[in-house]
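Take a look at the structure set out below.
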Number of protein chains: 2
Amino acid sequence: MNRLLLFCFLLISGSCFAQTEDSLFFRKIADEILVNGKAYENLRVLCKTVGARLSGSPGMYKAEDWGIKTLNAMGADKVYMQECKVPHWVRGGKDEAWITYNDVKGKEVKIVLDVLAIGNSLGTGSNGIKAPVILIHDFDELEKRKEEIKGKIVFYNISFNPRYIEPGSAYGEAGISRRSGASRAARYGAVAVLIRSLSESVDNNPHTGALAYDSSQPKIPGAAIGLKDADRLNTLLSTGQTATAYIKTMAHFLPDTIGHNIIGELAGSEYPNEFITIGGHLDSWDPAEGAHDDGAGCVHSIEVLRSLKAIGYKPKHTIRIVLFANEENGLRGGTKYADEVVTKNEKHIFALESDNGGFTPKGFDFMMAPALLIKIQAWLPLFKPYGVYFFDSGGGGADVSPLNKKSNIPVSEFRPDSQRYFDLHHTRNDIFENVHKRELELGAVNITALIYMIDKYGL
Amino acid sequence: MNRLLLFCFLLISGSCFAQTEDSLFFRKIADEILVNGKAYENLRVLCKTVGARLSGSPGMYKAEDWGIKTLNAMGADKVYMQECKVPHWVRGGKDEAWITYNDVKGKEVKIVLDVLAIGNSLGTGSNGIKAPVILIHDFDELEKRKEEIKGKIVFYNISFNPRYIEPGSAYGEAGISRRSGASRAARYGAVAVLIRSLSESVDNNPHTGALAYDSSQPKIPGAAIGLKDADRLNTLLSTGQTATAYIKTMAHFLPDTIGHNIIGELAGSEYPNEFITIGGHLDSWDPAEGAHDDGAGCVHSIEVLRSLKAIGYKPKHTIRIVLFANEENGLRGGTKYADEVVTKNEKHIFALESDNGGFTPKGFDFMMAPALLIKIQAWLPLFKPYGVYFFDSGGGGADVSPLNKKSNIPVSEFRPDSQRYFDLHHTRNDIFENVHKRELELGAVNITALIYMIDKYGL
């Protein structure tokens with residue numbers, strides 16, 4: 001064998017050896033998580049003993065305590081809190097809404113709606129608001145009919161486009177109604193808005209979620225109704241029937257308060273001052289337990305630390321698990337974390353968020369240099385047996401995106417199956433019972449495997 | 001440009017054109033199914049107006065009528081029945097089982113079990129069977145303790161191995177208890193068997209499914225209990241506690257009867273005498289509606305025909321939709337279909353079954369010559385946007401496998417996400433409400449796209 005051939009042989013056999021070694025290590029990770037996993041039990045405790053945990057709420061403080069206790073119990077070398085100011089929006093009471101109209105005989109008919117005030121919206125006051133309701137299908141129609149808006153309650157009936165394979169795309173598109181519909185309508189004198197919930201579920205649960213007011217417009221109340229109610233209202237108004245809506249929401253802001261990112265670390269053995277961040281967000285909307293959004297991401301992240309420690313892996317870099325504060329209505333935790341990285345001039349090689357629920361894994365999206373992505377894509381065959389089929393270019397999770405924006409740190413987002421996510425998202429059904437044990441665990445397996453590869457080979 | 005270059009250019013641009021054309025056609029299929037799809041509504045009607053439909057039951061006849069009516073309504077050129085003899089097993093009444101033991105104070109404690117007789121098993125008679133119960137973890141232990149078996153009820157507590165990523169592998173392995181546990185125990189004088197249900201769900205629903213008696217052994221009764229009951233019983237018996245089990249099942253066979261494969265065709269425009277078969281099985285176990293198993297496969301198959309016709313595609317080959325009889329406890333429909341292919345010397349180029357539920361698609365398995373599989377794998381990039389990531393070598397569905405065995409016809413099996421399948425499989429929870437509309441539809445999209453490619457390019 002000549003030297004070149006020998007070199008090639010060693011290179012190939014070396015790479016085969018590494019692949020076999022990695023493949024065996026993946027199996028170790030999977031066995032640990034599928035046999036001894038704590039993600040599901042940790043999620044149960046978060047959901048059932050803490051429950052809802054919106055920024056500023058009593059649940060937020062209980063969740064922070066849960067995070068500290070759980071990270072310690074799962075074997076973190078160091079657990080600490082990172083303080084940040086968070087908004088403190090409260091629902092203030094039970095939301096109410098109904099529709100009245102006169103039937104062909106002139107008799108008043110009343111339809112009570114299942115309704116939730118939109119997060120960050122301001123309420124109607126205790127008397128509520130009663131006004132004629134106008135059906136609007138998109139912002140183009142709003143513009144065309146702007147003369148008709150004044151004094152009315154605008155009902156945005158923007159459906160998910162079923163053509164999208166990923167419901168997240170439909171959510172992004174239809175979501176303009178929730179995010180900016182109130183201010184857009186207020187510009188033309190609307191007194192409140194009702195929106196069709198951002199979902200394509202077959203039930204009638206209303207979905208909350210945040211709006212952002214345009215500060216140049218009056219801050220009118222906004223509320224979401226379930227899909228069956230939205231369809232009924234759409235049918236009614238499409239015939240030209242006039243109707244009156246009544247909305248009462250008591251939502252308001254209290255002064256900003258102090259919240260925390262909860263951080264747990266496994267110290268790096270070779271590069272203790274170089275960091276890999278894995279996180280989910282600890283806050284959740286108030287109607288339920290935030291099981292998929294984002295209890296799943298929190299326990300996924302903690303499971304990375306627990307499982308690597310349990311199988312005796314010593315990371316080269318410091319692994320940081322971050323339970324971010326306030327993703328839902330402010331992103332103050334993610335912003336604070338990225339600011340501190342800048343302030344302290346920390347070296348971060350990678351950050352990943354799990355914030356798409358605890359469903360069966362399918363892939364990961366990455367926001368990083370194309371050459372890095374190509375490098376990572378070579379690892380994909382190792383993941384296929386565990387159900388991860390793509391490493392695509394895309395976004396990072398909301399909380400880690402500021403790391404990319406401010407410091408150009410490569411970031412990633414875990415992408416589980418998404419078909420059921422928007423059935424539950426921000427509703428009273430986002431509860432522990434709707435998370436599947438093995439689906440949750442398989443997510444943790446793949447996230448842990450990815451972190452292992454990045455820690456071992458660098459980026 | 002010289003001729004060779006020109007040729008290469010035309011070849012490449014031709015292939016690009018074909019890919020773009022196919023990709024546009026995939027989009028057309030997806031739009032048709034996601035916007036105008038009938039699979040979900042067809043499944044609702046099957047589940048809610050027919051319900052359970054075990055071979056020989058009144059439900060079987062109603063399901064056959066539903067199949068004929070639905071295939072006609074969805075636009076088949078021709079609908080017909082293919083007769084076959086089917087077994088006629090009946091549960092015969094409510095299954096009952098309990099455990100009694102004496103606690104430390106000598107007081108009798110009774111645990112009532114949630115129980116279902118195993119399909120094809122023979123009952124205990126109306127007096128039931130009462131006998132000491134013995135805990136057995138696998139067939140090795142059965143062999144070692146064969147002297148202790150006589151006169152006892154054997155409780156097989158064989159859990160799913162959580163290390164398998166695909167629960168189907170765990171099902172195959174643990175399933176020996178249900179399939180052959182009764183005869184194995186009868187050999188050593190057992191009077192009945194109880195088995196841990198073939199599942200890893202978090203509930204206590206018992207799962208039925210078929211056994212096959214070894215004709216050389218006494219045919220003793222068998223019944224499945226839920227996982228919580230199995231865990232309780234395991235804990236009790238593991239301490240050395242002696243306990244008595246009582247089982248009453250009234251299961252028995254009536255004489256074989258006549259069932260039918262229900263077949264609908266779209267006539268081929270170029271090769272009307274060459275066939276592509278797409279099927280699911282029409283029969284289901286008796287405790288529920290057979291929504292995932294295999295209503296989903298039936299409506300998937302029908303949706304292939306409906307959607308291709310709706311978008312005006314004229315298949316080259318004759319597309320045959322087959323709703324197979326008697327997959328669950330006999331495979332008589334699939335066997336009959338393959339026998340007729342031989343008898344009539346029909347040319348079949350491909351057959352596919354959907355019998356893994358209506359969950360989010362992930363891939364397809366193929367049983368065909370390696371060169372053919374490589375050809376097909378070149379199409380995978382077209383499928384990725386619709387969530388299909390692998391074309392692997394593997395089995396075909398149960399009902400199409402005889403086509404491969406008897407006539408070497410390439411066969412395939414649709415592979416959706418499988419994590420929830422064995423939570424519902426053969427239980428009272430396999431109902432329409434547990435099928436997700438879009439997940440079901442995305443399965444139909446990918447199956448239809450695959451059939452289109454095979455019809456267009458051949459195999």
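The way I read the labels, and the way they are meant: chains A, B, ... in the order of the structure tokens, residue 1 as the first residue of every chain, and ligand 1 as the first ligand shown, with later ones counted on from there.
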Using only C-alpha atoms, determine which residues of chain A fall within 9 Å of chain B; present them as a PyMOL selection string. chain A and resi 27+30-32+34-35+161-166+201-202+360+362+385-387+389-390+417+419-420+436-439+442
Compile the contact shell of A:Arg178 as a list in words: residues with an atom at most 8 Å away, counting only C-alpha atoms, same-chain residues fewer than 2 positions apart removed. Ile118, Gly175, Ile176, Ser180, Gly181, Ala182, Ile195, Gly209, Ala210, Leu211 and Ala224 of chain A
With C-alpha atoms kept, could you save the residues just selected as a PDB file, in the first residue's frame?
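And here's out28.pdb as it stands now:
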ATOM      1  CA  ILE A 118     -56.304  38.760  23.243  1.00  0.00           C
ATOM      2  CA  GLY A 175     -52.079  35.938  12.486  1.00  0.00           C
ATOM      3  CA  ILE A 176     -52.103  39.529  11.226  1.00  0.00           C
ATOM      4  CA  SER A 180     -52.293  44.122  14.395  1.00  0.00           C
ATOM      5  CA  GLY A 181     -55.996  43.908  13.573  1.00  0.00           C
ATOM      6  CA  ALA A 182     -57.064  46.073  16.537  1.00  0.00           C
ATOM      7  CA  ILE A 195     -61.084  37.691  15.643  1.00  0.00           C
ATOM      8  CA  GLY A 209     -52.038  35.145  22.106  1.00  0.00           C
ATOM      9  CA  ALA A 210     -50.469  38.579  21.940  1.00  0.00           C
ATOM     10  CA  LEU A 211     -51.308  41.711  20.030  1.00  0.00           C
ATOM     11  CA  ALA A 224     -60.783  35.822  19.968  1.00  0.00           C
TER      12      ALA A 224
END
Need to verify the contact set: B:Pro221, 6 Å, only C-alpha atoms, exclusion of same-chain residues closer than 5 positions in sequence. Can you return it as a VMD selection string? chain B and resid 121 to 123 192
Just want the 7 Å neighbourhood of B:Asn205, counted on only C-alpha atoms, with same-chain residues fewer than 3 positions away dropped. Output as a PDB file with N, CA and C atoms, in the first residue's frame.
ATOM      1  N   ASP B 114     -60.396  -4.831  33.700  1.00  0.00           N
ATOM      2  CA  ASP B 114     -60.984  -4.398  32.427  1.00  0.00           C
ATOM      3  C   ASP B 114     -60.426  -5.355  31.370  1.00  0.00           C
ATOM      4  N   GLY B 226     -55.928  -4.406  30.507  1.00  0.00           N
ATOM      5  CA  GLY B 226     -55.285  -3.101  30.321  1.00  0.00           C
ATOM      6  C   GLY B 226     -53.966  -3.003  31.078  1.00  0.00           C
ATOM      7  N   THR B 427     -58.815  -1.197  20.410  1.00  0.00           N
ATOM      8  CA  THR B 427     -59.486  -0.831  21.661  1.00  0.00           C
ATOM      9  C   THR B 427     -60.765  -0.058  21.380  1.00  0.00           C
TER      10      THR B 427
END
From the DSSP assignment of the backbone, select every residue of stretch 113-354 of chain A that is alpha helix (DSSP H), and format the answer as JSON, numbers by chain. {"A": [139, 140, 141, 142, 143, 144, 167, 168, 169, 170, 171, 172, 173, 174, 176, 177, 178, 179, 180, 181, 182, 183, 184, 185, 186, 227, 228, 229, 230, 231, 232, 233, 234, 235, 236, 237, 238, 296, 297, 298, 299, 300, 301, 302, 303, 304, 305, 306, 307, 308, 309, 310, 332, 333, 334, 335, 336, 337, 338, 339, 340, 341, 342, 343]}
Could the residues in this selection be written to a file with C-alpha atoms, as a PDB file, in the first residue's frame?
ATOM      1  CA  PHE A 139     -56.975  44.023   5.466  1.00  0.00           C
ATOM      2  CA  ASP A 140     -57.700  44.805   1.805  1.00  0.00           C
ATOM      3  CA  GLU A 141     -61.396  44.650   2.546  1.00  0.00           C
ATOM      4  CA  LEU A 142     -60.849  46.772   5.665  1.00  0.00           C
ATOM      5  CA  GLU A 143     -59.236  49.443   3.515  1.00  0.00           C
ATOM      6  CA  LYS A 144     -61.999  49.308   0.909  1.00  0.00           C
ATOM      7  CA  PRO A 167     -49.841  24.986   9.734  1.00  0.00           C
ATOM      8  CA  GLY A 168     -47.204  27.414  11.034  1.00  0.00           C
ATOM      9  CA  SER A 169     -47.284  29.156   7.651  1.00  0.00           C
ATOM     10  CA  ALA A 170     -51.049  29.532   7.861  1.00  0.00           C
ATOM     11  CA  TYR A 171     -50.645  30.828  11.423  1.00  0.00           C
ATOM     12  CA  GLY A 172     -48.120  33.423  10.304  1.00  0.00           C
ATOM     13  CA  GLU A 173     -50.422  34.613   7.536  1.00  0.00           C
ATOM     14  CA  ALA A 174     -53.781  34.639   9.339  1.00  0.00           C
ATOM     15  CA  ILE A 176     -52.103  39.529  11.226  1.00  0.00           C
ATOM     16  CA  SER A 177     -55.676  39.747  12.536  1.00  0.00           C
ATOM     17  CA  ARG A 178     -54.594  39.043  16.098  1.00  0.00           C
ATOM     18  CA  ARG A 179     -51.283  40.854  16.046  1.00  0.00           C
ATOM     19  CA  SER A 180     -52.293  44.122  14.395  1.00  0.00           C
ATOM     20  CA  GLY A 181     -55.996  43.908  13.573  1.00  0.00           C
ATOM     21  CA  ALA A 182     -57.064  46.073  16.537  1.00  0.00           C
ATOM     22  CA  SER A 183     -54.888  49.051  15.640  1.00  0.00           C
ATOM     23  CA  ARG A 184     -55.680  48.701  11.935  1.00  0.00           C
ATOM     24  CA  ALA A 185     -59.400  48.875  12.725  1.00  0.00           C
ATOM     25  CA  ALA A 186     -58.981  51.599  15.353  1.00  0.00           C
ATOM     26  CA  LEU A 227     -64.031  28.415  15.058  1.00  0.00           C
ATOM     27  CA  LYS A 228     -67.570  27.134  15.309  1.00  0.00           C
ATOM     28  CA  ASP A 229     -68.725  30.494  16.637  1.00  0.00           C
ATOM     29  CA  ALA A 230     -66.737  32.250  13.926  1.00  0.00           C
ATOM     30  CA  ASP A 231     -68.355  30.116  11.227  1.00  0.00           C
ATOM     31  CA  ARG A 232     -71.813  30.771  12.664  1.00  0.00           C
ATOM     32  CA  LEU A 233     -71.191  34.513  12.814  1.00  0.00           C
ATOM     33  CA  ASN A 234     -69.720  34.514   9.324  1.00  0.00           C
ATOM     34  CA  THR A 235     -72.777  32.710   7.952  1.00  0.00           C
ATOM     35  CA  LEU A 236     -75.102  35.126   9.708  1.00  0.00           C
ATOM     36  CA  LEU A 237     -73.356  38.284   8.545  1.00  0.00           C
ATOM     37  CA  SER A 238     -72.683  37.025   5.019  1.00  0.00           C
ATOM     38  CA  ALA A 296     -42.367  20.631  26.433  1.00  0.00           C
ATOM     39  CA  GLY A 297     -39.448  22.851  25.417  1.00  0.00           C
ATOM     40  CA  CYS A 298     -38.451  23.372  29.058  1.00  0.00           C
ATOM     41  CA  VAL A 299     -38.406  19.668  29.877  1.00  0.00           C
ATOM     42  CA  HIS A 300     -36.731  18.821  26.556  1.00  0.00           C
ATOM     43  CA  SER A 301     -33.926  21.201  27.487  1.00  0.00           C
ATOM     44  CA  ILE A 302     -33.572  19.913  31.030  1.00  0.00           C
ATOM     45  CA  GLU A 303     -33.520  16.348  29.688  1.00  0.00           C
ATOM     46  CA  VAL A 304     -30.454  17.177  27.571  1.00  0.00           C
ATOM     47  CA  LEU A 305     -28.554  18.021  30.735  1.00  0.00           C
ATOM     48  CA  ARG A 306     -29.938  15.117  32.741  1.00  0.00           C
ATOM     49  CA  SER A 307     -29.346  12.455  30.116  1.00  0.00           C
ATOM     50  CA  LEU A 308     -25.813  13.560  29.176  1.00  0.00           C
ATOM     51  CA  LYS A 309     -24.905  13.549  32.858  1.00  0.00           C
ATOM     52  CA  ALA A 310     -26.631  10.220  33.509  1.00  0.00           C
ATOM     53  CA  ARG A 332     -37.863  40.181  27.507  1.00  0.00           C
ATOM     54  CA  GLY A 333     -36.081  37.033  28.720  1.00  0.00           C
ATOM     55  CA  GLY A 334     -34.557  36.168  25.354  1.00  0.00           C
ATOM     56  CA  THR A 335     -33.573  39.787  24.806  1.00  0.00           C
ATOM     57  CA  LYS A 336     -31.977  40.048  28.243  1.00  0.00           C
ATOM     58  CA  TYR A 337     -30.030  36.816  27.721  1.00  0.00           C
ATOM     59  CA  ALA A 338     -28.596  38.052  24.408  1.00  0.00           C
ATOM     60  CA  ASP A 339     -27.766  41.445  25.925  1.00  0.00           C
ATOM     61  CA  GLU A 340     -25.819  39.790  28.736  1.00  0.00           C
ATOM     62  CA  VAL A 341     -23.851  37.732  26.222  1.00  0.00           C
ATOM     63  CA  VAL A 342     -22.801  41.000  24.582  1.00  0.00           C
ATOM     64  CA  THR A 343     -22.106  42.767  27.892  1.00  0.00           C
TER      65      THR A 343
END
What's the 9 Å shell around B:Glu270, counting only C-alpha atoms, without same-chain residues fewer than 4 positions away, as a PyMOL selection string? chain B and resi 315-318
Just want the 12 Å neighbourhood of A:Lys130, counted on only C-alpha atoms, with same-chain residues fewer than 2 positions away dropped. Output as a PyMOL selection string. chain A and resi 96-100+124-128+132-133+151-154+190-193+221+243-248
Just want the 9 Å neighbourhood of B:Ser412, counted on only C-alpha atoms, with same-chain residues fewer than 5 positions away dropped. Output as a list in words. Phe350, Ala351, Leu352, Glu353, Ser354, Phe364, Asp365, Phe366, Met367, Met368, Gly394, Gly395, Gly396, Gly397, Val400 and Ser401 of chain B
